[in-house]
Amino acid sequence: MPRLPRLVRISYDGPTAPAATQGRPAAGHRVLVGKGITFDSGGLSLKPAVSMIGMKTDMSGAAAVLGTMTALPALGVPGRVTGLLCIAENMIGGSAMRPGDVITCWGGTTVEVLNTDAEGRLVLADGLAYAAGELGADVIVDLATLTGAIAVALGRRTAGLFSSDDDLAAELAAAADTAGERVWRLPLTEDYRPALDSPVADLANIGRALDVGGGSITAALFLREFAGKLPWAHLDIAGTTRSESDDGEISRGGTGWGVRTLLSWLAAGATAPADASAQTG
């Protein structure tokens, strides 16, 4: 029995934020977007059996957003925060998405699906476009167990950070350091962007036009297309989201990575650009 996808919206309106923090503008509307694939078989681009075992934690980005939103009232975090949980299963079946399908995302962008196991970026695309186009976000941060490549690059205790805005990237890196969760900023290499071109759609969901490698980078470049001109950051938590053993403060299983970093960032009064309207075009 298929379980239909859902986009869950959680709203929080905290105390009035200070007019400015250390000379910077006050926090605006911050939107957190979490990948919530409740089980990922890979779809018709089926994963090997051993790779499916941990896929019940493929919803860890959405879980981190939910955990963060739940804690905001107790902490009295100032300002407006919205959480979007992009929830779906990626399963096989007669109605499953097929390689070669062209789908239309929220807002009208079309995507050629070349690999159904690159599904997380598709649900995030809707969440990011909805945040930028419908919610009037000032800043967007997404969390996702997006690519196995990030674990190869950074291991199991460091998340990948990508951002279109240097100030936002610095704030998140500082928040992660304060919270005891490590991030490493990686580049949005513009030379790799043509790899996502498609002859039949606006984008392809994996690199096809150029053999550039850098799977985590091309995935982040894909997501950036849906955040408009807003300050946006992407945390690839595929390596950090679960642990095979107890390790310090980390218990075996799901780690909850990202909740501490997000709360540290939000509680510090993360800031929006001085002229957010100019950023949105």
# chains A, B, ... in the order shown; residues from 1 in each chain; ligands from 1
>>> closest_atom_pairs(of="stretch 37-126 of chain A", to="stretch 205-222 of chain A", cutoff="8 Å", atoms="only C-alpha atoms", output="CSV")
residue,atom,partner,partner_atom,distance
A:Val111,CA,A:Asn205,CA,6.4
A:Glu112,CA,A:Asn205,CA,6.2
A:Val113,CA,A:Asn205,CA,5.4
A:Leu114,CA,A:Asn205,CA,6.3
A:Asn115,CA,A:Ile206,CA,7.0
A:Ala118,CA,A:Asn205,CA,6.7
A:Arg121,CA,A:Ala219,CA,7.2
A:Leu122,CA,A:Asn205,CA,7.6
>>> residues_around(residues="stretch 56-60 of chain A", least_positions_apart="6", cutoff="12 Å", atoms="only C-alpha atoms", output="ChimeraX atom specification")
/A:33-42,66-67,85-90,117,119-120,123-124,142-148,235-243,253-259
>>> closest_residue(among="A:Val77, A:Ala132, A:Ile103, A:Met55", to="A:Gly228", atoms="only C-alpha atoms")
A:Ala132
>>> select_by_dssp(residues="stretch 15-151 of chain A", states="strand (DSSP E or B)", output="number ranges by chain")
A: 20-21, 24-25, 30-40, 80-90, 102-104, 110-112, 139-144
>>> select_by_dssp(residues="stretch 63-249 of chain A", states="helix (DSSP H, G or I)", output="JSON, numbers by chain")
{"A": [63, 64, 65, 66, 67, 68, 69, 70, 71, 72, 73, 74, 75, 120, 121, 122, 123, 124, 125, 126, 127, 128, 129, 130, 131, 132, 133, 148, 149, 150, 151, 152, 153, 154, 166, 167, 168, 169, 170, 171, 172, 173, 174, 175, 176, 177, 178, 179, 190, 191, 192, 193, 194, 195, 196, 215, 216, 217, 218, 219, 220, 221, 222, 223, 224]}
>>> residues_around(residues="A:Leu84", least_positions_apart="2", cutoff="7 Å", atoms="only C-alpha atoms", output="list in words")
Leu7, Val8, Arg9, Ile10, Leu32, Val33, Gly34, Thr82, Cys86 and Gly127 of chain A
>>> write_last_selection(atoms="N, CA, C and O atoms", output="PDB file, in the first residue's frame")
ATOM      1  N   LEU A   7       3.974  17.446   2.427  1.00  0.00           N
ATOM      2  CA  LEU A   7       4.812  18.588   2.808  1.00  0.00           C
ATOM      3  C   LEU A   7       4.210  19.157   4.086  1.00  0.00           C
ATOM      4  O   LEU A   7       3.091  19.688   4.072  1.00  0.00           O
ATOM      5  N   VAL A   8       4.924  19.006   5.191  1.00  0.00           N
ATOM      6  CA  VAL A   8       4.444  19.438   6.503  1.00  0.00           C
ATOM      7  C   VAL A   8       5.056  20.794   6.834  1.00  0.00           C
ATOM      8  O   VAL A   8       6.277  20.972   6.744  1.00  0.00           O
ATOM      9  N   ARG A   9       4.200  21.727   7.224  1.00  0.00           N
ATOM     10  CA  ARG A   9       4.652  23.082   7.557  1.00  0.00           C
ATOM     11  C   ARG A   9       4.427  23.345   9.038  1.00  0.00           C
ATOM     12  O   ARG A   9       3.332  23.157   9.558  1.00  0.00           O
ATOM     13  N   ILE A  10       5.478  23.769   9.719  1.00  0.00           N
ATOM     14  CA  ILE A  10       5.421  24.085  11.153  1.00  0.00           C
ATOM     15  C   ILE A  10       5.828  25.545  11.329  1.00  0.00           C
ATOM     16  O   ILE A  10       6.900  25.955  10.857  1.00  0.00           O
ATOM     17  N   LEU A  32      13.552  26.515   7.628  1.00  0.00           N
ATOM     18  CA  LEU A  32      14.349  25.296   7.675  1.00  0.00           C
ATOM     19  C   LEU A  32      13.640  24.231   6.852  1.00  0.00           C
ATOM     20  O   LEU A  32      12.442  23.996   7.028  1.00  0.00           O
ATOM     21  N   VAL A  33      14.375  23.586   5.951  1.00  0.00           N
ATOM     22  CA  VAL A  33      13.792  22.580   5.060  1.00  0.00           C
ATOM     23  C   VAL A  33      14.526  21.265   5.288  1.00  0.00           C
ATOM     24  O   VAL A  33      15.758  21.216   5.216  1.00  0.00           O
ATOM     25  N   GLY A  34      13.759  20.194   5.562  1.00  0.00           N
ATOM     26  CA  GLY A  34      14.380  18.917   5.859  1.00  0.00           C
ATOM     27  C   GLY A  34      13.935  17.813   4.918  1.00  0.00           C
ATOM     28  O   GLY A  34      12.743  17.670   4.625  1.00  0.00           O
ATOM     29  N   THR A  82      10.038  29.011  10.289  1.00  0.00           N
ATOM     30  CA  THR A  82       9.148  28.011   9.705  1.00  0.00           C
ATOM     31  C   THR A  82       9.951  26.760   9.383  1.00  0.00           C
ATOM     32  O   THR A  82      11.067  26.850   8.855  1.00  0.00           O
ATOM     33  N   CYS A  86       9.783  17.607   4.152  1.00  0.00           N
ATOM     34  CA  CYS A  86       9.481  17.079   2.817  1.00  0.00           C
ATOM     35  C   CYS A  86       9.482  15.553   2.914  1.00  0.00           C
ATOM     36  O   CYS A  86      10.538  14.916   2.848  1.00  0.00           O
ATOM     37  N   GLY A 127      10.346  21.877  -1.521  1.00  0.00           N
ATOM     38  CA  GLY A 127      10.386  22.614  -0.270  1.00  0.00           C
ATOM     39  C   GLY A 127      11.110  23.939  -0.394  1.00  0.00           C
ATOM     40  O   GLY A 127      10.649  24.978   0.118  1.00  0.00           O
TER      41      GLY A 127
END
>>> atom_distance(atom1="atom CA of A:Val183", atom2="atom CA of A:Arg157")
8.6 Å
>>> residues_around(residues="A:Leu263", least_positions_apart="5", cutoff="8 Å", atoms="only C-alpha atoms", output="number ranges by chain")
A: 68, 71-72
>>> residues_around(residues="A:Val139", least_positions_apart="2", cutoff="7 Å", atoms="only C-alpha atoms", output="MDAnalysis selection string")
chainID A and resid 29:31 137 141 230:232 272
>>> write_last_selection(atoms="all heavy atoms", output="PDB file, in the first residue's frame")
ATOM      1  N   HIS A  29      12.639  36.228   8.525  1.00  0.00           N
ATOM      2  CA  HIS A  29      11.913  34.963   8.487  1.00  0.00           C
ATOM      3  C   HIS A  29      12.874  33.866   8.030  1.00  0.00           C
ATOM      4  O   HIS A  29      13.281  33.832   6.869  1.00  0.00           O
ATOM      5  CB  HIS A  29      10.729  35.078   7.526  1.00  0.00           C
ATOM      6  CG  HIS A  29       9.900  33.843   7.453  1.00  0.00           C
ATOM      7  ND1 HIS A  29       9.002  33.616   6.438  1.00  0.00           N
ATOM      8  CD2 HIS A  29       9.823  32.756   8.269  1.00  0.00           C
ATOM      9  CE1 HIS A  29       8.407  32.455   6.627  1.00  0.00           C
ATOM     10  NE2 HIS A  29       8.890  31.917   7.728  1.00  0.00           N
ATOM     11  N   ARG A  30      13.198  32.973   8.939  1.00  0.00           N
ATOM     12  CA  ARG A  30      14.133  31.892   8.652  1.00  0.00           C
ATOM     13  C   ARG A  30      13.334  30.614   8.391  1.00  0.00           C
ATOM     14  O   ARG A  30      12.488  30.236   9.208  1.00  0.00           O
ATOM     15  CB  ARG A  30      15.099  31.714   9.817  1.00  0.00           C
ATOM     16  CG  ARG A  30      16.020  32.917  10.003  1.00  0.00           C
ATOM     17  CD  ARG A  30      16.443  33.104  11.438  1.00  0.00           C
ATOM     18  NE  ARG A  30      15.327  33.566  12.251  1.00  0.00           N
ATOM     19  CZ  ARG A  30      15.379  33.667  13.580  1.00  0.00           C
ATOM     20  NH1 ARG A  30      16.470  33.341  14.229  1.00  0.00           N
ATOM     21  NH2 ARG A  30      14.321  34.104  14.238  1.00  0.00           N
ATOM     22  N   VAL A  31      13.613  29.957   7.292  1.00  0.00           N
ATOM     23  CA  VAL A  31      12.907  28.734   6.927  1.00  0.00           C
ATOM     24  C   VAL A  31      13.895  27.572   6.904  1.00  0.00           C
ATOM     25  O   VAL A  31      14.940  27.656   6.245  1.00  0.00           O
ATOM     26  CB  VAL A  31      12.193  28.864   5.570  1.00  0.00           C
ATOM     27  CG1 VAL A  31      11.477  27.545   5.217  1.00  0.00           C
ATOM     28  CG2 VAL A  31      11.183  30.007   5.598  1.00  0.00           C
ATOM     29  N   ALA A 137      10.371  33.786   2.621  1.00  0.00           N
ATOM     30  CA  ALA A 137      11.549  33.567   3.461  1.00  0.00           C
ATOM     31  C   ALA A 137      12.581  34.660   3.238  1.00  0.00           C
ATOM     32  O   ALA A 137      12.707  35.215   2.136  1.00  0.00           O
ATOM     33  CB  ALA A 137      12.167  32.208   3.142  1.00  0.00           C
ATOM     34  N   VAL A 141      17.690  27.421   5.110  1.00  0.00           N
ATOM     35  CA  VAL A 141      18.705  26.422   5.428  1.00  0.00           C
ATOM     36  C   VAL A 141      18.064  25.049   5.257  1.00  0.00           C
ATOM     37  O   VAL A 141      16.987  24.797   5.804  1.00  0.00           O
ATOM     38  CB  VAL A 141      19.247  26.571   6.862  1.00  0.00           C
ATOM     39  CG1 VAL A 141      20.231  25.442   7.191  1.00  0.00           C
ATOM     40  CG2 VAL A 141      19.914  27.929   7.045  1.00  0.00           C
ATOM     41  N   LEU A 230      17.813  34.120  -2.667  1.00  0.00           N
ATOM     42  CA  LEU A 230      17.880  34.266  -1.218  1.00  0.00           C
ATOM     43  C   LEU A 230      19.180  33.720  -0.651  1.00  0.00           C
ATOM     44  O   LEU A 230      19.770  32.801  -1.228  1.00  0.00           O
ATOM     45  CB  LEU A 230      16.718  33.509  -0.572  1.00  0.00           C
ATOM     46  CG  LEU A 230      15.317  34.044  -0.814  1.00  0.00           C
ATOM     47  CD1 LEU A 230      14.289  33.065  -0.275  1.00  0.00           C
ATOM     48  CD2 LEU A 230      15.138  35.401  -0.166  1.00  0.00           C
ATOM     49  N   PRO A 231      19.622  34.239   0.489  1.00  0.00           N
ATOM     50  CA  PRO A 231      20.699  33.576   1.209  1.00  0.00           C
ATOM     51  C   PRO A 231      20.251  32.155   1.569  1.00  0.00           C
ATOM     52  O   PRO A 231      19.202  31.959   2.183  1.00  0.00           O
ATOM     53  CB  PRO A 231      20.889  34.439   2.460  1.00  0.00           C
ATOM     54  CG  PRO A 231      20.314  35.768   2.097  1.00  0.00           C
ATOM     55  CD  PRO A 231      19.184  35.488   1.163  1.00  0.00           C
ATOM     56  N   TRP A 232      21.052  31.195   1.179  1.00  0.00           N
ATOM     57  CA  TRP A 232      20.670  29.786   1.339  1.00  0.00           C
ATOM     58  C   TRP A 232      21.889  28.983   1.730  1.00  0.00           C
ATOM     59  O   TRP A 232      23.008  29.267   1.294  1.00  0.00           O
ATOM     60  CB  TRP A 232      20.105  29.269   0.001  1.00  0.00           C
ATOM     61  CG  TRP A 232      20.211  27.785  -0.198  1.00  0.00           C
ATOM     62  CD1 TRP A 232      19.387  26.816   0.306  1.00  0.00           C
ATOM     63  CD2 TRP A 232      21.234  27.088  -0.937  1.00  0.00           C
ATOM     64  NE1 TRP A 232      19.827  25.567  -0.081  1.00  0.00           N
ATOM     65  CE2 TRP A 232      20.945  25.708  -0.852  1.00  0.00           C
ATOM     66  CE3 TRP A 232      22.349  27.508  -1.676  1.00  0.00           C
ATOM     67  CZ2 TRP A 232      21.748  24.749  -1.465  1.00  0.00           C
ATOM     68  CZ3 TRP A 232      23.136  26.546  -2.281  1.00  0.00           C
ATOM     69  CH2 TRP A 232      22.833  25.187  -2.170  1.00  0.00           C
ATOM     70  N   ALA A 272      19.258  38.457   8.663  1.00  0.00           N
ATOM     71  CA  ALA A 272      18.904  38.508   7.259  1.00  0.00           C
ATOM     72  C   ALA A 272      19.641  39.658   6.593  1.00  0.00           C
ATOM     73  O   ALA A 272      20.139  40.559   7.260  1.00  0.00           O
ATOM     74  CB  ALA A 272      17.393  38.699   7.107  1.00  0.00           C
TER      75      ALA A 272
END
>>> closest_residue(among="A:Leu4, A:Leu44, A:Val152, A:Ala169", to="A:Gly94", atoms="only C-alpha atoms")
A:Leu44
>>> closest_residue(among="A:Val102, A:Leu161, A:Leu203, A:Ile92", to="A:Ala176", atoms="only C-alpha atoms")
A:Leu161
>>> atom_distance(atom1="atom CA of A:Asp246", atom2="atom CA of A:Arg182")
17.5 Å
>>> atom_distance(atom1="atom CA of A:Val65", atom2="atom CA of A:Ser11")
11.6 Å
>>> residues_around(residues="A:Gly76", least_positions_apart="3", cutoff="10 Å", atoms="only C-alpha atoms", output="list of chain:residue names")
A:Asp13, A:Gly14, A:Pro15, A:Ala71, A:Leu72, A:Pro73, A:Gly79, A:Ala267
>>> closest_residue(among="A:Leu154, A:Leu266, A:Thr110, A:Asp138", to="A:Asp197", atoms="only C-alpha atoms")
A:Thr110
>>> closest_residue(among="A:Asp202, A:Glu134, A:Glu181, A:Asp126", to="A:Arg6", atoms="only C-alpha atoms")
A:Asp126
>>> decode(residues="stretch 43-187 of chain A", atoms="C-alpha atoms", output="PDB file, in the first residue's frame")
ATOM      1  CA  GLY A  43      13.256   3.169  -6.432  1.00  0.00           C
ATOM      2  CA  LEU A  44      13.642   1.526  -9.825  1.00  0.00           C
ATOM      3  CA  SER A  45      17.331   2.465  -9.678  1.00  0.00           C
ATOM      4  CA  LEU A  46      17.421  -0.089  -6.869  1.00  0.00           C
ATOM      5  CA  LYS A  47      20.067   0.078  -4.165  1.00  0.00           C
ATOM      6  CA  PRO A  48      22.148  -3.014  -3.306  1.00  0.00           C
ATOM      7  CA  ALA A  49      20.567  -4.872  -0.389  1.00  0.00           C
ATOM      8  CA  VAL A  50      23.347  -3.949   2.033  1.00  0.00           C
ATOM      9  CA  SER A  51      22.895  -0.251   1.230  1.00  0.00           C
ATOM     10  CA  MET A  52      19.208  -0.345   2.207  1.00  0.00           C
ATOM     11  CA  ILE A  53      19.746  -1.456   5.780  1.00  0.00           C
ATOM     12  CA  GLY A  54      20.213   2.035   7.215  1.00  0.00           C
ATOM     13  CA  MET A  55      17.684   3.759   4.980  1.00  0.00           C
ATOM     14  CA  LYS A  56      15.086   4.216   7.701  1.00  0.00           C
ATOM     15  CA  THR A  57      17.274   7.156   8.769  1.00  0.00           C
ATOM     16  CA  ASP A  58      17.002   8.806   5.348  1.00  0.00           C
ATOM     17  CA  MET A  59      14.446  11.100   7.001  1.00  0.00           C
ATOM     18  CA  SER A  60      17.050  12.547   9.362  1.00  0.00           C
ATOM     19  CA  GLY A  61      17.009  16.021   7.824  1.00  0.00           C
ATOM     20  CA  ALA A  62      13.275  16.354   8.438  1.00  0.00           C
ATOM     21  CA  ALA A  63      13.690  14.831  11.908  1.00  0.00           C
ATOM     22  CA  ALA A  64      16.332  17.434  12.771  1.00  0.00           C
ATOM     23  CA  VAL A  65      14.056  20.242  11.595  1.00  0.00           C
ATOM     24  CA  LEU A  66      11.173  18.823  13.641  1.00  0.00           C
ATOM     25  CA  GLY A  67      13.370  18.478  16.721  1.00  0.00           C
ATOM     26  CA  THR A  68      14.568  22.050  16.310  1.00  0.00           C
ATOM     27  CA  MET A  69      11.072  23.463  15.895  1.00  0.00           C
ATOM     28  CA  THR A  70       9.888  21.577  18.985  1.00  0.00           C
ATOM     29  CA  ALA A  71      12.593  23.159  21.142  1.00  0.00           C
ATOM     30  CA  LEU A  72      12.157  26.782  20.044  1.00  0.00           C
ATOM     31  CA  PRO A  73       9.392  27.781  22.515  1.00  0.00           C
ATOM     32  CA  ALA A  74      11.264  26.439  25.553  1.00  0.00           C
ATOM     33  CA  LEU A  75      14.357  28.397  24.543  1.00  0.00           C
ATOM     34  CA  GLY A  76      12.426  31.579  23.775  1.00  0.00           C
ATOM     35  CA  VAL A  77      14.167  31.931  20.427  1.00  0.00           C
ATOM     36  CA  PRO A  78      13.346  35.335  18.937  1.00  0.00           C
ATOM     37  CA  GLY A  79      11.749  35.997  15.581  1.00  0.00           C
ATOM     38  CA  ARG A  80       9.863  33.964  13.016  1.00  0.00           C
ATOM     39  CA  VAL A  81      10.908  30.454  12.024  1.00  0.00           C
ATOM     40  CA  THR A  82       9.148  28.011   9.705  1.00  0.00           C
ATOM     41  CA  GLY A  83       9.997  24.336   9.361  1.00  0.00           C
ATOM     42  CA  LEU A  84       9.181  22.381   6.200  1.00  0.00           C
ATOM     43  CA  LEU A  85       9.314  18.581   6.315  1.00  0.00           C
ATOM     44  CA  CYS A  86       9.481  17.079   2.817  1.00  0.00           C
ATOM     45  CA  ILE A  87       8.175  13.573   3.481  1.00  0.00           C
ATOM     46  CA  ALA A  88       7.927  10.661   1.038  1.00  0.00           C
ATOM     47  CA  GLU A  89       8.916   7.039   0.476  1.00  0.00           C
ATOM     48  CA  ASN A  90      11.127   5.985  -2.411  1.00  0.00           C
ATOM     49  CA  MET A  91       9.852   2.545  -3.337  1.00  0.00           C
ATOM     50  CA  ILE A  92       9.454   0.275  -6.329  1.00  0.00           C
ATOM     51  CA  GLY A  93       6.059  -0.510  -7.857  1.00  0.00           C
ATOM     52  CA  GLY A  94       3.818   0.083 -10.821  1.00  0.00           C
ATOM     53  CA  SER A  95       3.415   3.752 -10.000  1.00  0.00           C
ATOM     54  CA  ALA A  96       7.090   4.353  -9.209  1.00  0.00           C
ATOM     55  CA  MET A  97       9.015   7.147 -10.872  1.00  0.00           C
ATOM     56  CA  ARG A  98      11.016   5.860 -13.835  1.00  0.00           C
ATOM     57  CA  PRO A  99      14.436   6.841 -15.215  1.00  0.00           C
ATOM     58  CA  GLY A 100      13.733   9.158 -18.118  1.00  0.00           C
ATOM     59  CA  ASP A 101      10.605  10.703 -16.594  1.00  0.00           C
ATOM     60  CA  VAL A 102      10.303  14.485 -16.680  1.00  0.00           C
ATOM     61  CA  ILE A 103       8.615  15.942 -13.602  1.00  0.00           C
ATOM     62  CA  THR A 104       7.477  19.474 -12.791  1.00  0.00           C
ATOM     63  CA  CYS A 105       8.543  20.850  -9.422  1.00  0.00           C
ATOM     64  CA  TRP A 106       6.708  23.453  -7.345  1.00  0.00           C
ATOM     65  CA  GLY A 107       7.078  26.742  -9.171  1.00  0.00           C
ATOM     66  CA  GLY A 108       7.272  25.188 -12.636  1.00  0.00           C
ATOM     67  CA  THR A 109      10.886  24.043 -13.012  1.00  0.00           C
ATOM     68  CA  THR A 110      11.082  20.783 -14.938  1.00  0.00           C
ATOM     69  CA  VAL A 111      13.535  18.017 -14.070  1.00  0.00           C
ATOM     70  CA  GLU A 112      14.633  14.994 -16.073  1.00  0.00           C
ATOM     71  CA  VAL A 113      14.987  12.050 -13.704  1.00  0.00           C
ATOM     72  CA  LEU A 114      18.057  10.074 -14.735  1.00  0.00           C
ATOM     73  CA  ASN A 115      18.420   8.125 -11.497  1.00  0.00           C
ATOM     74  CA  THR A 116      15.513   7.466  -9.139  1.00  0.00           C
ATOM     75  CA  ASP A 117      17.954   7.036  -6.247  1.00  0.00           C
ATOM     76  CA  ALA A 118      18.694  10.763  -6.456  1.00  0.00           C
ATOM     77  CA  GLU A 119      15.253  11.408  -5.018  1.00  0.00           C
ATOM     78  CA  GLY A 120      16.074  13.513  -1.969  1.00  0.00           C
ATOM     79  CA  ARG A 121      16.947  16.535  -4.077  1.00  0.00           C
ATOM     80  CA  LEU A 122      13.555  16.247  -5.793  1.00  0.00           C
ATOM     81  CA  VAL A 123      11.526  16.552  -2.587  1.00  0.00           C
ATOM     82  CA  LEU A 124      13.853  19.298  -1.347  1.00  0.00           C
ATOM     83  CA  ALA A 125      13.374  21.173  -4.623  1.00  0.00           C
ATOM     84  CA  ASP A 126       9.681  21.537  -3.847  1.00  0.00           C
ATOM     85  CA  GLY A 127      10.386  22.614  -0.270  1.00  0.00           C
ATOM     86  CA  LEU A 128      13.003  25.184  -1.257  1.00  0.00           C
ATOM     87  CA  ALA A 129      10.899  26.641  -4.067  1.00  0.00           C
ATOM     88  CA  TYR A 130       7.872  26.819  -1.778  1.00  0.00           C
ATOM     89  CA  ALA A 131       9.913  28.595   0.897  1.00  0.00           C
ATOM     90  CA  ALA A 132      11.321  31.116  -1.572  1.00  0.00           C
ATOM     91  CA  GLY A 133       8.172  31.683  -3.621  1.00  0.00           C
ATOM     92  CA  GLU A 134       5.266  31.240  -1.214  1.00  0.00           C
ATOM     93  CA  LEU A 135       6.468  31.766   2.347  1.00  0.00           C
ATOM     94  CA  GLY A 136       8.417  34.979   1.880  1.00  0.00           C
ATOM     95  CA  ALA A 137      11.549  33.567   3.461  1.00  0.00           C
ATOM     96  CA  ASP A 138      14.493  35.838   4.171  1.00  0.00           C
ATOM     97  CA  VAL A 139      16.957  32.988   4.761  1.00  0.00           C
ATOM     98  CA  ILE A 140      16.709  29.271   3.906  1.00  0.00           C
ATOM     99  CA  VAL A 141      18.705  26.422   5.428  1.00  0.00           C
ATOM    100  CA  ASP A 142      18.176  22.810   4.356  1.00  0.00           C
ATOM    101  CA  LEU A 143      19.422  19.584   5.907  1.00  0.00           C
ATOM    102  CA  ALA A 144      19.560  16.321   4.010  1.00  0.00           C
ATOM    103  CA  THR A 145      21.142  12.900   3.938  1.00  0.00           C
ATOM    104  CA  LEU A 146      21.827  13.758   0.339  1.00  0.00           C
ATOM    105  CA  THR A 147      24.941  12.023  -0.982  1.00  0.00           C
ATOM    106  CA  GLY A 148      27.152   9.094  -0.104  1.00  0.00           C
ATOM    107  CA  ALA A 149      29.973  11.150  -1.586  1.00  0.00           C
ATOM    108  CA  ILE A 150      29.974  13.467   1.433  1.00  0.00           C
ATOM    109  CA  ALA A 151      30.812  10.587   3.772  1.00  0.00           C
ATOM    110  CA  VAL A 152      33.674   9.575   1.473  1.00  0.00           C
ATOM    111  CA  ALA A 153      35.006  13.136   1.530  1.00  0.00           C
ATOM    112  CA  LEU A 154      34.463  14.071   5.187  1.00  0.00           C
ATOM    113  CA  GLY A 155      33.857  10.875   7.130  1.00  0.00           C
ATOM    114  CA  ARG A 156      31.213  10.213   9.775  1.00  0.00           C
ATOM    115  CA  ARG A 157      31.666  13.128  12.165  1.00  0.00           C
ATOM    116  CA  THR A 158      31.749  16.130   9.809  1.00  0.00           C
ATOM    117  CA  ALA A 159      28.883  17.460   7.693  1.00  0.00           C
ATOM    118  CA  GLY A 160      29.305  19.254   4.393  1.00  0.00           C
ATOM    119  CA  LEU A 161      28.260  22.916   4.281  1.00  0.00           C
ATOM    120  CA  PHE A 162      27.399  24.672   1.032  1.00  0.00           C
ATOM    121  CA  SER A 163      26.076  28.206   0.846  1.00  0.00           C
ATOM    122  CA  SER A 164      25.320  31.014  -1.563  1.00  0.00           C
ATOM    123  CA  ASP A 165      26.061  33.574   1.162  1.00  0.00           C
ATOM    124  CA  ASP A 166      29.379  33.954   2.978  1.00  0.00           C
ATOM    125  CA  ASP A 167      27.857  35.578   6.075  1.00  0.00           C
ATOM    126  CA  LEU A 168      25.300  32.808   6.466  1.00  0.00           C
ATOM    127  CA  ALA A 169      27.980  30.165   6.008  1.00  0.00           C
ATOM    128  CA  ALA A 170      30.124  31.812   8.685  1.00  0.00           C
ATOM    129  CA  GLU A 171      27.182  32.001  11.112  1.00  0.00           C
ATOM    130  CA  LEU A 172      26.358  28.322  10.660  1.00  0.00           C
ATOM    131  CA  ALA A 173      29.997  27.276  11.004  1.00  0.00           C
ATOM    132  CA  ALA A 174      30.265  29.275  14.237  1.00  0.00           C
ATOM    133  CA  ALA A 175      27.004  27.788  15.516  1.00  0.00           C
ATOM    134  CA  ALA A 176      28.219  24.266  14.751  1.00  0.00           C
ATOM    135  CA  ASP A 177      31.481  24.941  16.575  1.00  0.00           C
ATOM    136  CA  THR A 178      29.578  26.249  19.605  1.00  0.00           C
ATOM    137  CA  ALA A 179      27.259  23.238  19.533  1.00  0.00           C
ATOM    138  CA  GLY A 180      30.060  20.681  19.186  1.00  0.00           C
ATOM    139  CA  GLU A 181      29.002  19.536  15.715  1.00  0.00           C
ATOM    140  CA  ARG A 182      31.600  19.828  12.964  1.00  0.00           C
ATOM    141  CA  VAL A 183      31.006  21.231   9.480  1.00  0.00           C
ATOM    142  CA  TRP A 184      33.346  21.837   6.572  1.00  0.00           C
ATOM    143  CA  ARG A 185      32.445  24.309   3.872  1.00  0.00           C
ATOM    144  CA  LEU A 186      32.745  23.000   0.322  1.00  0.00           C
ATOM    145  CA  PRO A 187      32.582  25.046  -2.891  1.00  0.00           C
TER     146      PRO A 187
END
